[in-house]
file data_22.cif (mmCIF, C-alpha atoms)
data_data
#
loop_
_atom_site.label_atom_id
_atom_site.label_comp_id
_atom_site.auth_asym_id
_atom_site.auth_seq_id
_atom_site.Cartn_x
_atom_site.Cartn_y
_atom_site.Cartn_z
CA MET X 1 5.86 210.89 29.16
CA ARG X 2 8.44 212.84 27.15
CA TYR X 3 5.81 215.45 26.27
CA GLN X 4 4.88 215.77 29.94
CA ASN X 5 8.52 216.23 30.89
CA ARG X 6 9.01 218.94 28.30
CA LEU X 7 6.13 220.80 29.92
CA ILE X 8 7.64 220.53 33.38
CA VAL X 9 9.61 223.74 33.04
CA GLY X 10 7.94 225.02 29.91
CA GLY X 11 5.67 227.36 31.81
CA PHE X 12 8.12 228.57 34.43
CA PHE X 13 9.08 231.89 32.95
CA PHE X 14 5.60 232.61 31.65
CA LEU X 15 4.97 234.95 34.54
CA LEU X 16 8.48 235.94 35.50
CA PHE X 17 7.79 239.65 35.52
CA TRP X 18 4.06 239.78 35.11
CA PHE X 19 1.95 238.70 38.02
CA ASN X 20 0.40 241.05 40.53
CA LEU X 21 -2.81 239.83 42.07
CA ALA X 22 -4.70 242.99 42.85
CA GLU X 23 -4.23 245.55 40.09
CA ALA X 24 -2.74 243.78 37.12
CA GLN X 25 -4.92 244.32 34.08
CA GLY X 26 -2.84 242.31 31.66
CA PHE X 27 -0.18 242.53 34.40
CA GLN X 28 -0.11 246.31 34.19
CA VAL X 29 0.12 247.60 37.77
CA ASN X 30 -1.04 251.11 38.69
CA PHE X 31 -0.37 251.28 42.44
CA GLN X 32 2.13 254.09 41.97
CA GLY X 33 0.43 257.08 43.61
CA GLN X 34 -2.09 257.39 46.45
CA LYS X 35 -3.92 260.37 44.98
CA GLN X 36 -4.31 258.64 41.63
CA GLN X 37 -5.38 255.39 43.31
CA GLY X 38 -8.24 257.23 44.99
CA MET X 39 -9.46 258.36 41.56
CA GLY X 40 -9.51 255.03 39.76
CA CYS X 41 -5.72 255.04 39.18
CA ALA X 42 -6.04 257.94 36.71
CA GLY X 43 -3.60 260.83 36.94
CA SER X 44 -1.74 261.76 33.76
CA ALA X 45 -3.59 265.11 33.37
CA LEU X 46 -3.91 266.22 37.01
CA VAL X 47 -0.60 267.18 38.59
CA GLN X 48 -0.70 267.24 42.41
CA ASP X 49 2.57 265.85 43.70
CA ALA X 50 5.85 264.14 42.80
CA SER X 51 4.12 260.95 41.63
CA THR X 52 3.69 262.70 38.26
CA LEU X 53 7.25 261.48 37.61
CA PHE X 54 5.65 258.08 36.89
CA PHE X 55 2.24 259.03 35.50
CA ASN X 56 3.39 261.87 33.23
CA PRO X 57 6.98 263.15 33.58
CA ALA X 58 6.07 266.40 31.78
CA GLY X 59 3.91 267.44 34.73
CA ALA X 60 6.90 267.67 37.08
CA SER X 61 7.68 271.25 36.03
CA PHE X 62 4.14 272.29 37.06
CA VAL X 63 4.67 271.14 40.65
CA SER X 64 5.09 274.31 42.70
CA LYS X 65 7.55 273.06 45.33
CA SER X 66 10.29 270.53 45.86
CA GLN X 67 8.87 267.38 47.39
CA VAL X 68 9.50 263.86 48.63
CA ASN X 69 6.79 261.23 48.68
CA LEU X 70 6.73 257.74 50.18
CA ALA X 71 3.80 255.31 49.98
CA ILE X 72 2.89 251.64 50.45
CA THR X 73 -0.15 249.66 49.33
CA PRO X 74 -0.56 246.27 51.07
CA ILE X 75 -2.40 243.80 48.83
CA PHE X 76 -4.82 241.27 50.30
CA GLY X 77 -6.02 238.83 47.67
CA ASN X 78 -6.70 235.20 46.93
CA VAL X 79 -7.74 233.00 44.03
CA MET X 80 -10.33 230.22 44.08
CA TYR X 81 -10.19 227.58 41.35
CA VAL X 82 -13.03 225.14 40.55
CA ASP X 83 -12.03 222.32 38.21
CA SER X 84 -14.55 221.71 35.43
CA VAL X 85 -13.89 217.94 35.35
CA THR X 86 -13.85 217.03 39.04
CA ASN X 87 -15.75 220.06 40.44
CA GLU X 88 -13.15 220.17 43.20
CA MET X 89 -12.28 223.55 44.70
CA TYR X 90 -8.79 224.84 45.45
CA ARG X 91 -7.54 228.12 46.91
CA THR X 92 -4.35 230.11 47.18
CA GLU X 93 -2.65 230.89 50.49
CA ASN X 94 -1.02 234.14 49.47
CA PRO X 95 0.95 236.28 51.91
CA VAL X 96 0.30 240.02 51.92
CA GLY X 97 2.02 241.87 49.08
CA THR X 98 3.63 245.24 49.84
CA PRO X 99 4.40 247.30 46.71
CA LEU X 100 6.21 250.55 47.52
CA ASN X 101 6.90 253.79 45.71
CA PHE X 102 9.27 256.66 46.46
CA TYR X 103 9.50 260.02 44.69
CA ALA X 104 11.93 262.91 45.09
CA LEU X 105 11.31 266.01 42.98
CA ILE X 106 13.43 269.16 42.92
CA LYS X 107 12.06 272.51 41.74
CA PRO X 108 15.02 274.95 41.32
CA LYS X 109 14.15 278.49 42.44
CA ARG X 110 16.38 280.19 39.86
CA PHE X 111 15.07 278.11 36.93
CA HIS X 112 11.33 278.02 37.47
CA ARG X 113 10.67 276.31 34.13
CA LEU X 114 12.77 273.29 35.07
CA ALA X 115 12.18 270.36 37.41
CA TYR X 116 13.99 267.10 37.89
CA GLY X 117 13.65 264.10 40.14
CA LEU X 118 14.02 260.41 40.87
CA SER X 119 11.34 257.75 41.28
CA VAL X 120 11.59 254.20 42.61
CA THR X 121 8.49 252.14 41.93
CA THR X 122 7.43 248.49 41.98
CA PRO X 123 5.17 248.13 38.92
CA PHE X 124 5.42 244.33 38.97
CA GLY X 125 5.74 242.10 42.02
CA SER X 126 3.83 239.73 44.24
CA THR X 127 3.67 236.27 45.78
CA VAL X 128 1.13 233.62 44.80
CA GLN X 129 1.00 230.27 46.59
CA TYR X 130 -1.54 227.50 46.01
CA GLU X 131 -2.62 225.09 48.73
CA PRO X 132 -0.71 221.75 48.92
CA GLY X 133 -1.90 219.05 46.56
CA TRP X 134 -3.96 221.28 44.31
CA ILE X 135 -4.81 219.90 40.87
CA GLY X 136 -2.57 222.36 39.02
CA ARG X 137 0.55 221.70 41.09
CA PHE X 138 2.45 220.56 37.97
CA ALA X 139 1.94 224.08 36.59
CA ILE X 140 2.80 226.05 39.75
CA THR X 141 2.91 225.74 43.53
CA ARG X 142 4.50 229.07 44.47
CA LEU X 143 5.81 232.24 42.87
CA SER X 144 7.66 235.11 44.53
CA MET X 145 8.94 237.96 42.40
CA LYS X 146 9.98 241.60 42.52
CA VAL X 147 10.61 244.15 39.78
CA PHE X 148 11.76 247.73 40.40
CA HIS X 149 11.72 250.74 38.10
CA ILE X 150 14.36 253.33 38.98
CA GLN X 151 13.74 256.45 36.91
CA PRO X 152 15.72 259.71 36.86
CA THR X 153 13.55 262.35 35.16
CA ALA X 154 13.70 265.90 33.84
CA SER X 155 10.81 268.21 32.88
CA PHE X 156 10.82 271.61 31.18
CA LYS X 157 8.12 274.24 30.56
CA ILE X 158 8.29 275.27 26.92
CA THR X 159 5.70 277.97 27.61
CA ASP X 160 3.67 278.89 30.68
CA ASN X 161 1.04 276.36 29.55
CA ILE X 162 2.96 273.50 27.91
CA SER X 163 5.71 271.27 29.24
CA ILE X 164 7.62 268.19 28.15
CA GLY X 165 9.37 265.54 30.23
CA ALA X 166 11.48 262.42 29.87
CA GLY X 167 12.84 259.74 32.17
CA PHE X 168 15.29 256.87 31.79
CA VAL X 169 14.11 253.60 33.36
CA PHE X 170 16.56 251.14 34.90
CA SER X 171 14.68 247.96 35.85
CA PRO X 172 16.27 245.23 38.04
CA GLY X 173 14.23 242.23 39.13
CA SER X 174 14.31 238.83 40.83
CA VAL X 175 12.13 235.73 40.87
CA ASN X 176 11.65 232.41 42.67
CA LEU X 177 9.22 229.95 41.09
CA GLN X 178 8.35 226.43 42.24
CA LYS X 179 6.20 223.55 40.98
CA ASP X 180 5.77 219.81 41.44
CA LEU X 181 6.89 217.32 38.79
CA PRO X 182 4.87 214.34 37.49
CA VAL X 183 7.47 211.87 38.81
CA GLN X 184 7.18 210.05 42.14
CA PHE X 185 9.48 208.83 44.90
CA ASN X 186 8.92 205.45 46.54
CA ASP X 187 6.90 207.07 49.33
CA GLY X 188 4.43 208.51 46.82
CA THR X 189 5.59 212.14 47.02
CA PHE X 190 6.17 214.04 43.80
CA GLY X 191 9.36 215.52 42.47
CA HIS X 192 9.90 219.26 42.67
CA ALA X 193 11.53 221.99 40.62
CA GLU X 194 12.64 225.46 41.64
CA ILE X 195 13.82 228.29 39.43
CA SER X 196 15.47 231.46 40.70
CA GLY X 197 17.21 234.27 38.95
CA ALA X 198 17.86 237.95 38.50
CA ALA X 199 16.98 240.04 35.46
CA MET X 200 17.72 243.44 34.03
CA GLY X 201 16.03 245.76 31.57
CA TYR X 202 16.06 249.36 30.35
CA GLY X 203 13.42 251.71 29.00
CA TYR X 204 12.14 255.27 29.02
CA ASN X 205 9.12 257.41 29.93
CA LEU X 206 8.02 260.43 27.86
CA GLY X 207 5.27 262.98 28.37
CA VAL X 208 3.58 266.18 27.22
CA TYR X 209 1.40 268.25 29.53
CA TYR X 210 -0.96 271.15 28.73
CA ASN X 211 -2.46 273.36 31.43
CA PRO X 212 -3.87 276.77 30.44
CA GLY X 213 -4.88 277.34 34.06
CA GLY X 214 -8.61 277.15 33.58
CA PHE X 215 -11.36 274.62 32.97
CA LEU X 216 -9.29 271.90 31.27
CA SER X 217 -5.84 270.31 31.41
CA ALA X 218 -4.54 267.39 29.37
CA GLY X 219 -1.65 264.95 29.37
CA LEU X 220 -0.14 262.43 26.99
CA SER X 221 2.51 259.97 28.13
CA TYR X 222 4.35 256.98 26.72
CA ARG X 223 6.18 254.34 28.76
CA SER X 224 8.32 252.19 26.52
CA GLY X 225 8.35 248.44 26.49
CA ILE X 226 11.22 246.88 28.43
CA ASN X 227 13.02 243.71 27.42
CA MET X 228 13.82 241.90 30.66
CA SER X 229 16.84 239.68 30.11
CA VAL X 230 17.62 236.70 32.36
CA SER X 231 21.18 235.65 31.57
CA ASP X 232 22.13 233.57 34.60
CA GLY X 233 19.03 231.89 36.00
CA GLN X 234 19.29 228.69 38.02
CA VAL X 235 17.07 225.59 37.90
CA ASP X 236 17.20 222.95 40.67
CA PHE X 237 15.37 219.61 40.52
CA THR X 238 14.44 217.20 43.31
CA VAL X 239 13.70 213.86 41.61
CA PRO X 240 14.29 210.13 42.21
CA GLU X 241 17.93 209.18 41.81
CA GLY X 242 17.30 207.18 38.66
CA LEU X 243 15.82 210.21 36.90
CA ALA X 244 18.48 212.70 37.98
CA PRO X 245 20.41 212.49 34.65
CA ASN X 246 17.24 213.56 32.81
CA PHE X 247 16.79 216.62 35.04
CA PRO X 248 20.22 218.20 35.52
CA ASN X 249 20.55 221.24 37.75
CA GLY X 250 22.07 224.17 35.96
CA SER X 251 21.72 227.60 34.45
CA LEU X 252 19.32 228.98 31.88
CA SER X 253 18.59 232.21 30.01
CA ALA X 254 15.39 233.86 28.85
CA SER X 255 14.11 237.13 27.45
CA LEU X 256 10.69 238.61 28.12
CA ALA X 257 9.12 241.81 26.81
CA LEU X 258 7.15 244.08 29.12
CA PRO X 259 4.58 246.07 27.14
CA SER X 260 4.57 249.71 26.18
CA VAL X 261 1.81 251.90 27.65
CA THR X 262 0.38 254.98 25.94
CA THR X 263 -1.93 257.13 28.09
CA LEU X 264 -4.16 260.03 27.16
CA GLY X 265 -5.59 261.91 30.13
CA LEU X 266 -8.02 264.76 30.71
CA ASN X 267 -8.79 266.80 33.82
CA ILE X 268 -11.93 268.93 33.96
CA LYS X 269 -12.31 271.52 36.71
CA PRO X 270 -15.95 272.70 36.73
CA LYS X 271 -15.46 274.57 40.03
CA ALA X 272 -12.47 275.55 42.14
CA SER X 273 -13.00 272.67 44.55
CA TRP X 274 -13.79 269.94 41.98
CA ASN X 275 -11.69 267.85 39.59
CA ILE X 276 -12.96 265.18 37.22
CA VAL X 277 -10.22 263.01 35.70
CA ALA X 278 -10.10 260.30 33.05
CA ASP X 279 -7.29 258.22 31.53
CA ILE X 280 -7.32 255.93 28.51
CA ASN X 281 -4.48 253.38 28.40
CA TYR X 282 -3.40 251.54 25.27
CA VAL X 283 -1.13 248.64 26.25
CA GLY X 284 1.06 247.00 23.63
CA TRP X 285 0.85 243.37 24.67
CA ASN X 286 1.16 241.96 21.14
CA THR X 287 4.94 241.85 21.58
CA TYR X 288 4.35 238.88 23.88
CA ASP X 289 3.43 236.31 21.25
CA THR X 290 6.00 233.62 22.11
CA LEU X 291 7.73 232.45 25.26
CA ALA X 292 11.22 231.08 24.61
CA PHE X 293 14.05 230.05 26.92
CA ASP X 294 17.34 228.25 26.67
CA TYR X 295 18.74 225.69 29.15
CA ALA X 296 22.49 225.32 29.50
CA THR X 297 22.15 221.53 29.53
CA ASN X 298 19.59 219.73 27.37
CA THR X 299 18.33 216.16 27.72
CA SER X 300 15.47 214.18 26.18
CA SER X 301 13.29 215.44 29.06
CA LEU X 302 14.64 218.98 29.21
CA GLU X 303 14.72 220.72 25.85
CA ASP X 304 14.79 224.37 24.87
CA THR X 305 11.23 225.48 24.26
CA LYS X 306 9.19 228.01 22.33
CA SER X 307 5.58 228.26 23.46
CA PRO X 308 2.96 230.45 21.75
CA ARG X 309 1.19 233.02 23.97
CA MET X 310 -0.51 235.19 21.33
CA TYR X 311 -1.28 238.12 23.65
CA LYS X 312 -3.21 241.03 22.15
CA ASN X 313 -3.12 244.80 22.64
CA ILE X 314 -5.80 246.13 24.97
CA PHE X 315 -7.49 249.30 26.18
CA ALA X 316 -8.11 250.21 29.82
CA PHE X 317 -10.28 253.07 31.06
CA ARG X 318 -9.80 254.82 34.41
CA GLY X 319 -11.49 257.80 36.00
CA GLY X 320 -12.53 259.54 39.17
CA ILE X 321 -13.49 262.72 40.98
CA GLN X 322 -11.85 264.82 43.68
CA TYR X 323 -13.49 267.33 45.99
CA ALA X 324 -11.41 269.75 48.07
CA VAL X 325 -12.81 270.75 51.46
CA PHE X 326 -11.22 273.90 52.86
CA ALA X 327 -11.06 274.51 56.60
CA LYS X 328 -9.03 277.62 57.47
CA ASP X 329 -5.47 276.87 56.35
CA LYS X 330 -6.02 273.10 56.19
CA VAL X 331 -7.22 271.19 53.10
CA LEU X 332 -9.10 267.89 53.03
CA ASN X 333 -9.47 266.13 49.67
CA VAL X 334 -12.00 263.33 49.15
CA ARG X 335 -11.82 261.04 46.11
CA PHE X 336 -13.82 258.31 44.37
CA GLY X 337 -13.13 256.40 41.17
CA GLY X 338 -13.05 253.19 39.22
CA GLY X 339 -12.06 251.61 35.98
CA PHE X 340 -12.45 248.84 33.46
CA GLY X 341 -9.88 247.01 31.39
CA PHE X 342 -9.88 244.22 28.85
CA SER X 343 -7.65 241.19 29.32
CA PRO X 344 -4.85 240.57 26.81
CA VAL X 345 -4.97 236.81 27.53
CA PRO X 346 -6.73 235.04 24.62
CA THR X 347 -9.10 232.12 25.09
CA GLY X 348 -7.09 228.94 25.51
CA TYR X 349 -4.10 230.61 27.20
CA LEU X 350 -5.33 231.29 30.73
CA THR X 351 -2.95 229.94 33.39
CA PRO X 352 -3.05 229.59 37.19
CA GLU X 353 -0.08 231.94 37.41
CA THR X 354 -2.01 234.72 35.69
CA PRO X 355 -5.78 234.11 36.04
CA ASP X 356 -6.48 237.39 34.30
CA GLY X 357 -9.81 238.50 32.86
CA ASN X 358 -11.79 241.57 31.91
CA ARG X 359 -12.18 243.48 35.13
CA ALA X 360 -13.97 246.34 36.77
CA TYR X 361 -12.70 247.85 40.01
CA PHE X 362 -13.59 250.60 42.45
CA THR X 363 -11.46 252.97 44.51
CA SER X 364 -11.71 255.79 47.01
CA GLY X 365 -9.23 257.99 48.82
CA ILE X 366 -8.56 260.93 51.08
CA SER X 367 -5.78 263.47 51.69
CA TYR X 368 -5.19 265.89 54.53
CA GLU X 369 -2.72 268.78 54.65
CA PHE X 370 -1.51 269.24 58.23
CA ASN X 371 0.45 272.35 57.21
CA LYS X 372 2.18 273.83 54.17
CA ARG X 373 4.94 271.23 54.33
CA PHE X 374 3.39 267.98 55.48
CA SER X 375 0.40 265.99 54.17
CA LEU X 376 -0.99 262.46 54.36
CA ASP X 377 -2.73 260.39 51.65
CA ALA X 378 -4.77 257.20 51.88
CA SER X 379 -6.67 255.06 49.38
CA ILE X 380 -8.48 251.75 48.98
CA TYR X 381 -8.98 249.50 45.95
CA ALA X 382 -11.31 246.50 45.48
CA THR X 383 -12.02 244.10 42.62
CA LYS X 384 -13.47 240.68 41.78
CA ILE X 385 -12.65 238.75 38.60
CA THR X 386 -14.15 235.49 37.34
CA ARG X 387 -13.01 233.66 34.22
CA ALA X 388 -13.39 230.10 32.89
CA ASP X 389 -11.06 228.60 30.30
CA THR X 390 -9.30 225.45 29.14
CA ASN X 391 -5.57 225.86 28.59
CA LEU X 392 -4.61 224.44 25.20
CA GLU X 393 -1.16 223.34 26.32
CA THR X 394 -1.81 221.81 29.74
CA GLN X 395 -5.55 221.03 29.32
CA LEU X 396 -6.18 222.47 32.79
CA SER X 397 -9.87 223.39 32.60
CA GLY X 398 -11.84 225.31 35.19
CA THR X 399 -12.99 228.63 36.60
CA PHE X 400 -10.77 231.10 38.45
CA THR X 401 -12.27 233.67 40.80
CA THR X 402 -9.98 236.37 42.15
CA ILE X 403 -11.01 238.67 44.99
CA ALA X 404 -8.59 241.40 46.08
CA TRP X 405 -8.52 244.62 48.02
CA ALA X 406 -5.66 246.97 48.72
CA PRO X 407 -5.55 249.83 51.25
CA GLY X 408 -2.75 252.33 50.70
CA ILE X 409 -1.11 255.11 52.68
CA GLY X 410 1.48 257.74 51.80
CA ILE X 411 3.23 260.78 53.24
CA ASN X 412 4.43 263.95 51.50
CA TYR X 413 6.90 266.63 52.55
CA ASN X 414 7.28 269.92 50.62
CA TRP X 415 9.84 272.70 50.85
#

call {"tool": "encode", "arguments": {"input": "data_22.cif", "output": "structure tokens"}}
result
Amino acid sequence: MRYQNRLIVGGFFFLLFWFNLAEAQGFQVNFQGQKQQGMGCAGSALVQDASTLFFNPAGASFVSKSQVNLAITPIFGNVMYVDSVTNEMYRTENPVGTPLNFYALIKPKRFHRLAYGLSVTTPFGSTVQYEPGWIGRFAITRLSMKVFHIQPTASFKITDNISIGAGFVFSPGSVNLQKDLPVQFNDGTFGHAEISGAAMGYGYNLGVYYNPGGFLSAGLSYRSGINMSVSDGQVDFTVPEGLAPNFPNGSLSASLALPSVTTLGLNIKPKASWNIVADINYVGWNTYDTLAFDYATNTSSLEDTKSPRMYKNIFAFRGGIQYAVFAKDKVLNVRFGGGFGFSPVPTGYLTPETPDGNRAYFTSGISYEFNKRFSLDASIYATKITRADTNLETQLSGTFTTIAWAPGIGINYNW
């Protein structure tokens, strides 16, 4: 029983800043630009609008005009779990997720080699909720979390063909996580635990961009890892009165490392109206080898824990095409793309909070310029992931199938 109790909160912060159902290869989210989403979420080597502040900050100085950009990508997705022992089936009842991004880029007229801007993105954030009474309710019943990246950025053209850029990332976040406890009241209902808290982290984004103005352009970017620190989290237990001393409400602290991401991108322009793009991501997940957190009050049932996670670095591949249709002074762009990424979650460590696996996905998109100042973007993303595993710590054994799709829309204004 003591071992069970130690596991009650042992997995709570496992996913504190990680889970996003639809586009979270190893929890890396790429819903940060509608044009890129239409081309398989690739975009570090093709500069088209202010979203380059996220994908490759060096590209900002190649944007021809000042611009603001606002977009949203609603996420519709659910998970089905089939237990390997009982063959029973359980599903999530997730609400719609709504990640947002906002970009403001300034191109000074007197200093044409310089550009600067601000981006606000939501690279991590979602809500997952399993149906009542599901077999894994002692691992999780509900998670709601948000993480923002606020990034002031500057970019400078060293020559007419090469630019560099850098941004400082300020990352606030919040979480609410709930699960049932393997203790019962007299009426047969189970105990419950809820954790909530705010976190803070800091990082940076660097980039180099090369565009000779012809057949090929290239980009290289590096987003640093971010150590998200939870210094004043709160845990609240609902348990039978006799067990209350073993499960004291109180504060806790934890520290979790978001991975670094290195991206190499290429853009090939075989004709004036065509672009073919490709990105290779290398994601440094090996920093997440252990999950540790500290409770302000310890008891025989609630001890500080260190749990191995043993995540591994992974590659992800993204690509797509864009075709520009010209009609008088209007421009219509049509896009298609897709990608594949390996999961950083080793065998034996799959959890219901993050039922991640190797995944392929497909995207498409469209843009229309109404005039020289105003344009509209739209995209759609779809994926299906299936993975079976037995968790070494909880012994939860079964198959997770995730189906998700995400339509996005954005507006741009230039001056």

call {"tool": "closest_residue", "arguments": {"input": "data_22.cif", "among": "X:Asn298, X:Pro355, X:Ser307, X:Asn414", "to": "X:Glu393", "atoms": "all atoms listed in the file"}}
result
X:Ser307

call {"tool": "resolve_selection", "arguments": {"input": "data_22.cif", "expression": "the PyMOL selection byres ((chain X and resi 175-190) around 6)", "output": "NGL selection string"}}
result
:X and (137-138 or 140-145 or 174 or 191-197 or 240)

call {"tool": "closest_residue", "arguments": {"input": "data_22.cif", "among": "X:Gly117, X:Tyr295, X:Ile366, X:Ile280", "to": "X:Gln322", "atoms": "all atoms listed in the file"}}
result
X:Ile366

call {"tool": "axis_aligned_box", "arguments": {"input": "data_22.cif", "around": "stretch 101-110 of chain X", "padding_each_side": "4 Å", "output": "lines of an AutoDock Vina configuration file"}}
result
center_x = 11.6
center_y = 267.0
center_z = 43.2
size_x = 17.5
size_y = 34.4
size_z = 14.6

call {"tool": "resolve_selection", "arguments": {"input": "data_22.cif", "expression": "the PyMOL selection byres ((chain X and resi 171) around 7)", "output": "list in words"}}
result
Val147, Phe148, His149, Ile150, Val169, Phe170, Pro172, Gly173, Met200, Gly201 and Tyr202 of chain X

call {"tool": "residues_around", "arguments": {"input": "data_22.cif", "residues": "X:Gly233", "least_positions_apart": "3", "cutoff": "7 Å", "atoms": "only C-alpha atoms", "output": "list in words"}}
result
Ser196, Gly197, Ala198, Val230, Ser251, Leu252 and Ser253 of chain X

call {"tool": "resolve_selection", "arguments": {"input": "data_22.cif", "expression": "the PyMOL selection byres ((chain X and resi 264) around 12)", "output": "count of residues only"}}
result
36

call {"tool": "closest_residue", "arguments": {"input": "data_22.cif", "among": "X:Leu256, X:Leu105, X:Met89, X:Ile380", "to": "X:Gln36", "atoms": "only C-alpha atoms"}}
result
X:Ile380

call {"tool": "closest_residue", "arguments": {"input": "data_22.cif", "among": "X:Leu332, X:Ala104, X:Ile409, X:Val345", "to": "X:Asn391", "atoms": "all atoms listed in the file"}}
result
X:Val345

call {"tool": "atom_distance", "arguments": {"input": "data_22.cif", "atom1": "atom CA of X:Trp405", "atom2": "atom CA of X:Val79"}}
result
12.3 Å

call {"tool": "atom_distance", "arguments": {"input": "data_22.cif", "atom1": "atom CA of X:Ser375", "atom2": "atom CA of X:Gln32"}}
result
17.1 Å

call {"tool": "closest_residue", "arguments": {"input": "data_22.cif", "among": "X:Ser367, X:Glu131, X:Leu392, X:His112", "to": "X:Asn94", "atoms": "only C-alpha atoms"}}
result
X:Glu131

call {"tool": "atom_distance", "arguments": {"input": "data_22.cif", "atom1": "atom CA of X:Gly341", "atom2": "atom CA of X:Asn358"}}
result
5.8 Å
